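Below is one structure, written out as structure tokens; comments come after it.
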Amino acid sequence: MRNSAAVLTLGLLLALAALAIFALSRSSDYDRSPLGNKGLELWLQAKGISVLRSDPHVARAPSEISLRIIPLSIGHAEAAASRSGDETDDADPQNLSEEASRYALPTLVILPKWRGSVATEGVADKSGLVEFGDISDELDKIGFSDFGFARSKTAFEEAQPHLQSGQPIRIALYQAQTFERSSLPSGCRELMGMSLGALLVHCENHNQVYLLSDPDLLSNHGLALADNASFAVSLVRLLRRGAATRPVYLDTAGEPLDSEKPADQGRSYERSSSDLKRFFAYPLSVIWGILVLVSATCFWRGAYRFGPPLREASANLELSKTAAIEATARLLRLSGNDGRMTGQFVLHLLSDKAQLLFGPGAGNEAGIDRLFKRLAHHDQAAARALHSSAQALIDRGDAMTRADLHRNLETFRKLLGSIELGAR
């Protein structure tokens, strides 16, 4: 019973742990890595700015949000190309700038800087930087071209950009990445920059889109440097254009927006307790029922079929004494207190032992003598005492008194039980 209780307790703990893991909504490992944007979401919320994250199962309407933030990544086009039919057309990156203009929705596009291997390996160096050509390709896909880029020659670059008058903020960037001012196309102007080049650019032909050259200003790692976190809040407030009641949309999926907010877009597939019901629906309910039945049967067999466990060593001794008394009583019942019957019983018992050791033909007097010789090799004194006791019962059992018969029979039983007969 104690073992079954321990197993039940362990099973309950495992079930609770599984439920806890199931109930927690976990973001991707990349989102929580130094290159991800989970820190930006938490930081903006701490400053009173609500944030919505993209969900592939929920379409957002422009009327719901005040600012759309889209981090570009190398390989986004390859992922889109792997889709088929109309889905690929809907996910065309060109829709990004078109949607921003159509819905008059301010959109901040964050350029890529680091390869994904930096997040998995945990080491950021020059070998992990994205090539300028790859960045230009990503910009071409959303309708921006002819931009040049520059990177810092030193490890860290610091600057004090002025997003709003009277608010100098000191920022710091590792391997800073900027737009080359001389390469800015006509109609594009710098809104913020540093000595190396422009950091934030706005173009007239895409009047709702803003380009941020260095993602480390908003990434998990970058927010911990200098006053980058304060800069992030100031940048978001500036681009929202006073629409402080609607949340910021952190779009990492790049899915198209809906022109109108849908009445019912379905569940967002965030884990909840209601999802657990699916594990008990048919046919899974049949499987769970079988498992419960098998478990109950196993616990019953282990806990009750063979009786309760022995708790003390003294219980074993009591069982041995009881068994010895019952064996003696059985011999006496067999003998019926008749000496001759007792002698025949002893003779037959020795004959059976001899046949057990030497084979079926050894149940005669010669076999019994051979048995005693074999016992004498192991313990001569015990063999001699056993032979004497057996011979006395066989030869003089009918002449013994009741007490002598009981005493000699008990002696014979103890001696026979104490001697190891060995294997054939």
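In the structure tokens, chains take the letters A, B, ... in the order shown, each chain's residues start at 1, and ligands count up from 1 in the order shown.
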(message) Can you pull out every residue from range 103-221 of chain A that DSSP, working from the backbone, puts in strand (DSSP E or B), and format the result as a PyMOL selection string?
(response) chain A and resi 107-110+114+129+149-151+156-159+162+168+171-174+177-179+188-194+197-203+206-212
(request) Skip range 143-145 of chain A itself and residues of its chain fewer than 2 positions away, then list as a VMD selection string all residues within 9 Å of it, counting only C-alpha atoms. (result) chain A and resid 93 to 94 97 136 to 141 147 185 206
(message) Set the distance at 9 Å and use only C-alpha atoms: which residues neighbour Asn207 in chain A once local chain neighbours fewer than 3 positions away are removed? I'd like the list as a ChimeraX atom specification.
(response) /A:100-101,104,106,202-204,210
(request) For Ile135 in chain A, work out the shell of residues within 10 Å, counting only C-alpha atoms and skipping chain neighbours fewer than 6 positions away, then give it as number ranges by chain. (result) A: 72-74, 111-113, 147-149, 213
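With CA of Pro247 in chain A on one side and CA of Trp43 in chain A on the other, the separation reads 13.5 Å.
Between CA of Arg278 in chain A and CA of Arg60 in chain A the interatomic distance comes to 27.3 Å.
Distances to Gly222 in chain A were evaluated for A:Ala59, A:Leu347, A:Leu40, A:Leu357 using only C-alpha atoms, and the minimum falls at A:Leu40.
The closest residue to Glu158 in chain A, picked from A:Ala46, A:Leu67, A:Ala224, A:Leu196 and counting only C-alpha atoms, is A:Leu196.
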(message) When you look at range 36-39 of chain A with a cut-off of 8 Å (counting only C-alpha atoms), what residues show up, excluding the ones that are within fewer than 2 positions of it in the same chain? I need them as a PyMOL selection string.
(response) chain A and resi 30-34+41-43+218-220+223
(message) Could you list, as a ChimeraX atom specification, every residue within 8 Å of Gln344 in chain A, counting only C-alpha atoms and ignoring same-chain residues fewer than 4 positions away?
(response) /A:340,348,394
Written file, previous selection with N, CA and C atoms, as a PDB file, in the first residue's frame:
```
ATOM      1  N   ARG A 340       3.786 -48.137  14.478  1.00  0.00           N
ATOM      2  CA  ARG A 340       4.129 -48.831  13.232  1.00  0.00           C
ATOM      3  C   ARG A 340       3.904 -47.926  12.018  1.00  0.00           C
ATOM      4  N   HIS A 348       9.252 -44.395   4.357  1.00  0.00           N
ATOM      5  CA  HIS A 348       8.836 -43.888   3.045  1.00  0.00           C
ATOM      6  C   HIS A 348       9.395 -42.488   2.770  1.00  0.00           C
ATOM      7  N   ILE A 394      11.740 -46.506  13.153  1.00  0.00           N
ATOM      8  CA  ILE A 394      11.383 -47.632  12.275  1.00  0.00           C
ATOM      9  C   ILE A 394      11.349 -48.958  13.055  1.00  0.00           C
TER      10      ILE A 394
END
```
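Among A:Val286, A:Met192, A:Leu349, A:Leu405, the residue with the shortest atom-to-atom distance to Asn364 in chain A, counting only C-alpha atoms, is A:Leu349.
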